[in-house]
file protein.cif (mmCIF, C-alpha atoms)
data_work
#
loop_
_atom_site.group_PDB
_atom_site.id
_atom_site.type_symbol
_atom_site.label_atom_id
_atom_site.label_comp_id
_atom_site.auth_asym_id
_atom_site.auth_seq_id
_atom_site.Cartn_x
_atom_site.Cartn_y
_atom_site.Cartn_z
ATOM 1 C CA MET A 1276 0.000 0.000 0.000
ATOM 2 C CA ARG A 1277 1.456 3.356 -0.996
ATOM 3 C CA ASN A 1278 0.979 6.320 1.339
ATOM 4 C CA THR A 1279 2.658 8.959 -0.845
ATOM 5 C CA ASP A 1280 2.499 10.214 -4.423
ATOM 6 C CA VAL A 1281 4.932 11.870 -6.832
ATOM 7 C CA GLY A 1282 5.468 15.486 -5.797
ATOM 8 C CA HIS A 1283 4.706 15.038 -2.072
ATOM 9 C CA LEU A 1284 7.114 16.589 0.401
ATOM 10 C CA ILE A 1285 8.782 13.807 2.421
ATOM 11 C CA ASN A 1286 9.442 14.630 6.072
ATOM 12 C CA SER A 1287 12.764 13.279 7.293
ATOM 13 C CA GLY A 1288 11.530 13.158 10.879
ATOM 14 C CA ALA A 1289 13.016 16.455 12.022
ATOM 15 C CA GLY A 1290 10.847 17.378 14.990
ATOM 16 C CA SER A 1291 7.488 16.170 13.716
ATOM 17 C CA PRO A 1292 5.830 12.784 13.498
ATOM 18 C CA THR A 1293 6.771 10.705 10.494
ATOM 19 C CA ALA A 1294 4.493 8.518 8.425
ATOM 20 C CA GLU A 1295 5.484 5.398 6.563
ATOM 21 C CA LEU A 1296 5.858 5.813 2.835
ATOM 22 C CA PHE A 1297 4.922 2.258 1.894
ATOM 23 C CA HIS A 1298 3.311 -0.645 3.672
ATOM 24 C CA ILE A 1299 4.346 -4.013 2.255
ATOM 25 C CA ALA A 1300 2.567 -7.245 3.194
ATOM 26 C CA ALA A 1301 3.401 -10.801 2.202
ATOM 27 C CA ILE A 1302 0.089 -12.592 1.701
ATOM 28 C CA HIS A 1303 1.155 -16.190 1.013
ATOM 29 C CA THR A 1304 1.514 -16.896 4.732
ATOM 30 C CA LEU A 1305 -0.423 -14.581 7.027
ATOM 31 C CA ARG A 1306 0.650 -13.892 10.591
ATOM 32 C CA VAL A 1307 -2.344 -13.681 12.876
ATOM 33 C CA TYR A 1308 -1.775 -12.174 16.328
ATOM 34 C CA ILE A 1309 -4.087 -13.338 19.109
ATOM 35 C CA ASN A 1310 -4.383 -12.315 22.755
ATOM 36 C CA VAL A 1311 -5.038 -15.527 24.708
ATOM 37 C CA PRO A 1312 -6.654 -15.047 28.151
ATOM 38 C CA GLN A 1313 -4.298 -15.768 31.036
ATOM 39 C CA GLN A 1314 -6.274 -18.801 32.242
ATOM 40 C CA PHE A 1315 -5.640 -20.550 28.899
ATOM 41 C CA SER A 1316 -2.025 -19.412 28.504
ATOM 42 C CA PRO A 1317 -0.447 -22.640 29.850
ATOM 43 C CA ALA A 1318 -2.139 -24.560 27.006
ATOM 44 C CA ALA A 1319 -0.963 -22.121 24.287
ATOM 45 C CA LYS A 1320 2.016 -24.122 23.020
ATOM 46 C CA THR A 1321 3.715 -23.992 19.648
ATOM 47 C CA GLY A 1322 2.232 -26.452 17.194
ATOM 48 C CA LEU A 1323 -1.329 -25.957 18.445
ATOM 49 C CA ILE A 1324 -3.898 -25.992 15.614
ATOM 50 C CA ALA A 1325 -6.014 -22.870 15.055
ATOM 51 C CA THR A 1326 -9.157 -22.459 12.958
ATOM 52 C CA LEU A 1327 -10.073 -19.062 11.526
ATOM 53 C CA THR A 1328 -13.513 -17.987 10.368
ATOM 54 C CA LEU A 1329 -14.297 -14.737 8.582
ATOM 55 C CA GLN A 1330 -17.698 -13.172 7.943
ATOM 56 C CA GLU A 1331 -16.922 -12.663 4.276
ATOM 57 C CA PHE A 1332 -16.455 -16.456 3.857
ATOM 58 C CA PRO A 1333 -19.549 -17.960 5.544
ATOM 59 C CA GLY A 1334 -19.283 -21.662 6.270
ATOM 60 C CA ARG A 1335 -15.544 -21.803 5.495
ATOM 61 C CA GLN A 1336 -12.704 -22.415 7.892
ATOM 62 C CA PHE A 1337 -9.022 -21.673 7.399
ATOM 63 C CA LYS A 1338 -6.407 -23.716 9.251
ATOM 64 C CA GLY A 1339 -3.346 -22.303 10.936
ATOM 65 C CA ARG A 1340 -0.689 -23.319 13.448
ATOM 66 C CA LEU A 1341 0.558 -21.495 16.539
ATOM 67 C CA VAL A 1342 4.225 -20.751 15.831
ATOM 68 C CA ARG A 1343 5.376 -18.534 18.706
ATOM 69 C CA THR A 1344 4.289 -16.798 21.894
ATOM 70 C CA ALA A 1345 5.450 -13.712 23.773
ATOM 71 C CA ASN A 1346 6.245 -15.954 26.789
ATOM 72 C CA ALA A 1347 4.917 -13.212 29.060
ATOM 73 C CA ILE A 1348 1.502 -12.044 30.237
ATOM 74 C CA ASP A 1349 0.622 -8.465 29.290
ATOM 75 C CA LEU A 1350 0.074 -6.596 32.569
ATOM 76 C CA ALA A 1351 -2.645 -4.336 31.186
ATOM 77 C CA THR A 1352 -4.821 -6.996 29.516
ATOM 78 C CA ARG A 1353 -3.789 -10.173 31.384
ATOM 79 C CA THR A 1354 -3.382 -11.952 28.057
ATOM 80 C CA LEU A 1355 -0.609 -13.827 26.277
ATOM 81 C CA LEU A 1356 0.214 -12.587 22.772
ATOM 82 C CA VAL A 1357 0.580 -15.530 20.360
ATOM 83 C CA GLU A 1358 1.260 -15.722 16.631
ATOM 84 C CA VAL A 1359 -0.532 -18.118 14.290
ATOM 85 C CA ASP A 1360 0.670 -18.685 10.726
ATOM 86 C CA VAL A 1361 -2.068 -19.314 8.153
ATOM 87 C CA ASP A 1362 -1.235 -20.572 4.660
ATOM 88 C CA ASN A 1363 -2.901 -18.357 2.056
ATOM 89 C CA PRO A 1364 -1.678 -19.688 -1.328
ATOM 90 C CA THR A 1365 -4.533 -18.154 -3.344
ATOM 91 C CA GLY A 1366 -4.332 -14.776 -1.600
ATOM 92 C CA GLU A 1367 -8.049 -14.713 -0.798
ATOM 93 C CA LEU A 1368 -7.381 -13.725 2.837
ATOM 94 C CA LEU A 1369 -6.370 -10.089 3.075
ATOM 95 C CA PRO A 1370 -3.935 -8.603 5.591
ATOM 96 C CA GLY A 1371 -5.672 -6.542 8.263
ATOM 97 C CA ALA A 1372 -8.965 -8.429 8.010
ATOM 98 C CA TYR A 1373 -10.966 -9.239 11.137
ATOM 99 C CA ALA A 1374 -11.177 -12.964 11.913
ATOM 100 C CA GLU A 1375 -12.513 -15.137 14.707
ATOM 101 C CA VAL A 1376 -9.893 -17.635 15.893
ATOM 102 C CA HIS A 1377 -10.526 -20.920 17.670
ATOM 103 C CA LEU A 1378 -7.529 -22.646 19.240
ATOM 104 C CA ALA A 1379 -7.691 -26.431 19.656
ATOM 105 C CA VAL A 1380 -6.667 -26.366 23.330
ATOM 106 C CA PRO A 1381 -6.249 -29.848 24.778
ATOM 107 C CA SER A 1382 -8.959 -30.607 27.293
ATOM 108 C CA GLY A 1383 -7.903 -31.105 30.862
ATOM 109 C CA ALA A 1384 -10.091 -32.137 33.742
ATOM 110 C CA PRO A 1385 -13.833 -31.909 33.083
ATOM 111 C CA THR A 1386 -15.544 -28.678 34.064
ATOM 112 C CA PHE A 1387 -19.155 -28.172 35.075
ATOM 113 C CA ILE A 1388 -21.649 -25.433 34.312
ATOM 114 C CA LEU A 1389 -23.885 -24.237 37.152
ATOM 115 C CA PRO A 1390 -26.415 -21.435 37.480
ATOM 116 C CA VAL A 1391 -25.144 -18.500 39.538
ATOM 117 C CA SER A 1392 -28.069 -19.002 41.936
ATOM 118 C CA ALA A 1393 -26.385 -22.200 43.226
ATOM 119 C CA LEU A 1394 -23.368 -20.343 44.663
ATOM 120 C CA ILE A 1395 -22.974 -19.810 48.403
ATOM 121 C CA PHE A 1396 -20.613 -17.057 49.539
ATOM 122 C CA ARG A 1397 -19.203 -17.748 53.002
ATOM 123 C CA ALA A 1398 -16.118 -16.967 55.080
ATOM 124 C CA GLN A 1399 -14.848 -20.498 54.245
ATOM 125 C CA GLY A 1400 -14.834 -19.553 50.553
ATOM 126 C CA LEU A 1401 -17.123 -20.130 47.604
ATOM 127 C CA GLN A 1402 -19.345 -23.182 48.120
ATOM 128 C CA VAL A 1403 -22.272 -25.093 46.673
ATOM 129 C CA GLY A 1404 -24.677 -27.480 48.346
ATOM 130 C CA VAL A 1405 -24.412 -31.033 46.994
ATOM 131 C CA VAL A 1406 -26.892 -33.810 47.793
ATOM 132 C CA LYS A 1407 -25.263 -36.865 49.398
ATOM 133 C CA ASP A 1408 -26.600 -39.902 51.243
ATOM 134 C CA GLY A 1409 -30.027 -39.834 49.643
ATOM 135 C CA ASN A 1410 -31.405 -36.388 50.434
ATOM 136 C CA ARG A 1411 -28.850 -34.749 52.757
ATOM 137 C CA ALA A 1412 -26.953 -31.556 51.913
ATOM 138 C CA GLN A 1413 -23.174 -31.492 51.933
ATOM 139 C CA LEU A 1414 -21.348 -28.167 51.483
ATOM 140 C CA ALA A 1415 -18.527 -28.347 48.942
ATOM 141 C CA ASN A 1416 -15.847 -25.715 48.340
ATOM 142 C CA ILE A 1417 -15.412 -25.037 44.626
ATOM 143 C CA ILE A 1418 -13.109 -23.167 42.259
ATOM 144 C CA LEU A 1419 -14.648 -21.122 39.461
ATOM 145 C CA GLY A 1420 -13.439 -20.838 35.882
ATOM 146 C CA ARG A 1421 -15.270 -18.680 33.349
ATOM 147 C CA ASP A 1422 -18.282 -16.496 34.116
ATOM 148 C CA PHE A 1423 -21.055 -16.704 31.499
ATOM 149 C CA GLY A 1424 -23.391 -14.218 33.201
ATOM 150 C CA SER A 1425 -26.272 -16.330 34.482
ATOM 151 C CA GLU A 1426 -24.056 -19.438 34.630
ATOM 152 C CA VAL A 1427 -20.515 -20.140 35.806
ATOM 153 C CA GLU A 1428 -17.941 -22.805 35.073
ATOM 154 C CA VAL A 1429 -16.702 -24.864 38.035
ATOM 155 C CA VAL A 1430 -13.207 -26.207 37.368
ATOM 156 C CA SER A 1431 -12.677 -28.433 40.398
ATOM 157 C CA ARG A 1432 -14.137 -30.260 43.391
ATOM 158 C CA LEU A 1433 -17.366 -31.491 41.777
ATOM 159 C CA GLN A 1434 -18.118 -34.931 40.325
ATOM 160 C CA ALA A 1435 -20.054 -35.697 37.132
ATOM 161 C CA ASP A 1436 -22.960 -37.284 39.029
ATOM 162 C CA ASP A 1437 -23.303 -34.582 41.726
ATOM 163 C CA GLN A 1438 -26.671 -32.937 42.206
ATOM 164 C CA VAL A 1439 -26.301 -29.303 43.238
ATOM 165 C CA ILE A 1440 -28.905 -27.367 45.233
ATOM 166 C CA ILE A 1441 -30.402 -24.409 43.376
ATOM 167 C CA ASN A 1442 -31.142 -21.246 45.394
ATOM 168 C CA PRO A 1443 -29.847 -22.635 48.690
ATOM 169 C CA PRO A 1444 -30.778 -20.658 51.794
ATOM 170 C CA ASP A 1445 -27.961 -18.758 53.514
ATOM 171 C CA SER A 1446 -28.573 -20.923 56.556
ATOM 172 C CA LEU A 1447 -27.885 -24.230 54.720
ATOM 173 C CA ILE A 1448 -25.654 -26.583 56.722
ATOM 174 C CA SER A 1449 -24.156 -29.985 55.970
ATOM 175 C CA GLY A 1450 -26.498 -32.838 56.880
ATOM 176 C CA GLU A 1451 -29.672 -30.830 56.385
ATOM 177 C CA GLU A 1452 -32.494 -32.549 54.462
ATOM 178 C CA VAL A 1453 -33.242 -31.185 50.958
ATOM 179 C CA HIS A 1454 -36.106 -31.649 48.489
ATOM 180 C CA SER A 1455 -35.433 -32.913 44.960
ATOM 181 C CA ALA A 1456 -37.383 -30.053 43.352
ATOM 182 C CA PHE A 1457 -34.439 -27.710 43.986
ATOM 183 C CA LEU A 1458 -31.618 -29.753 42.429
ATOM 184 C CA TRP A 1459 -29.437 -29.157 39.373
ATOM 185 C CA LYS A 1460 -27.684 -32.052 37.654
ATOM 186 C CA CYS A 1461 -24.063 -31.193 36.798
ATOM 187 C CA TYR A 1462 -23.184 -31.250 33.127
ATOM 188 C CA THR A 1463 -19.783 -30.749 31.617
ATOM 189 C CA GLY A 1464 -18.803 -27.509 29.949
#
call {"tool": "encode", "arguments": {"input": "protein.cif", "output": "structure tokens"}}
result
Amino acid sequence: MRNTDVGHLINSGAGSPTAELFHIAAIHTLRVYINVPQQFSPAAKTGLIATLTLQEFPGRQFKGRLVRTANAIDLATRTLLVEVDVDNPTGELLPGAYAEVHLAVPSGAPTFILPVSALIFRAQGLQVGVVKDGNRAQLANIILGRDFGSEVEVVSRLQADDQVIINPPDSLISGEEVHSAFLWKCYTG
């Protein structure tokens, strides 16, 4: 892309901001820069497969590979800058275009999705009420992952077959009897 024409005065940078004269882009292999959230940064390793989708190509996916990372979390955004190379032999993808990128992050331990109304905030930490021994409540400390607004991801301390109490009273204690109408079956995220 040319930013100047014949006859323009070219500033040599003496005391005023300079502008680039030309912008050159190689389009056969595009470099896509992505800010990966800190919680997923340990999984962002070189060689990871990425899939790009663009609005101007509905239903199509373009494959890429993570080739390098900044190896440091940005203090302002709490993200890890990574670079994905995408082969573009026909040149149909244009530099500077907006794309949605999906990284094929290896799955770790299963996570569970719960409604926010199941959370209990106590001095002992964040808890949920789980039904054990038939119809008795057991308080379980949990660790949250992502927040989806009306639902949250629980990343540890729940089992796949746990039934969680919805809208538990603040006075709920372990061993208390619960009714099945107020239960939520855990499902993986």
call {"tool": "resolve_selection", "arguments": {"input": "protein.cif", "expression": "the PyMOL selection byres ((chain A and resi 1409-1422) around 7)", "output": "ChimeraX atom specification"}}
result
/A:1400-1408,1423-1424,1426-1432,1448-1454
call {"tool": "resolve_selection", "arguments": {"input": "protein.cif", "expression": "the PyMOL selection byres ((chain A and resi 1311) around 10)", "output": "ChimeraX atom specification"}}
result
/A:1308-1310,1312-1319,1344,1348,1352-1357,1378
call {"tool": "axis_aligned_box", "arguments": {"input": "protein.cif", "around": "region 1360-1378 of chain A", "padding_each_side": "5 Å", "output": "JSON"}}
result
{"center_x": -5.9, "center_y": -14.6, "center_z": 7.9, "size_x": 23.2, "size_y": 26.1, "size_z": 32.6}
call {"tool": "residues_around", "arguments": {"input": "protein.cif", "residues": "Ser1425 (chain A)", "least_positions_apart": "4", "cutoff": "9 Å", "atoms": "all atoms listed in the file", "output": "PDB file with C-alpha atoms, keeping the file's coordinate frame"}}
result
ATOM      1  CA  LEU A1389     -23.885 -24.237  37.152  1.00  0.00           C
ATOM      2  CA  PRO A1390     -26.415 -21.435  37.480  1.00  0.00           C
ATOM      3  CA  VAL A1391     -25.144 -18.500  39.538  1.00  0.00           C
ATOM      4  CA  SER A1392     -28.069 -19.002  41.936  1.00  0.00           C
TER       5      SER A1392
END
call {"tool": "atom_distance", "arguments": {"input": "protein.cif", "atom1": "CA of Ala1294 (chain A)", "atom2": "CA of Gly1282 (chain A)"}}
result
15.9 Å
call {"tool": "resolve_selection", "arguments": {"input": "protein.cif", "expression": "the PyMOL selection byres ((chain A and resi 1376) around 10)", "output": "ChimeraX atom specification"}}
result
/A:1307-1309,1325-1329,1336-1339,1359,1373-1375,1377-1379
call {"tool": "closest_residue", "arguments": {"input": "protein.cif", "among": "A:Ala1398, A:Val1342, A:Ile1441, A:Ala1347", "to": "Arg1306 (chain A)", "atoms": "all atoms listed in the file"}}
result
A:Val1342
call {"tool": "closest_residue", "arguments": {"input": "protein.cif", "among": "A:Leu1305, A:Ala1435, A:Phe1387, A:Pro1381", "to": "Leu1323 (chain A)", "atoms": "all atoms listed in the file"}}
result
A:Pro1381
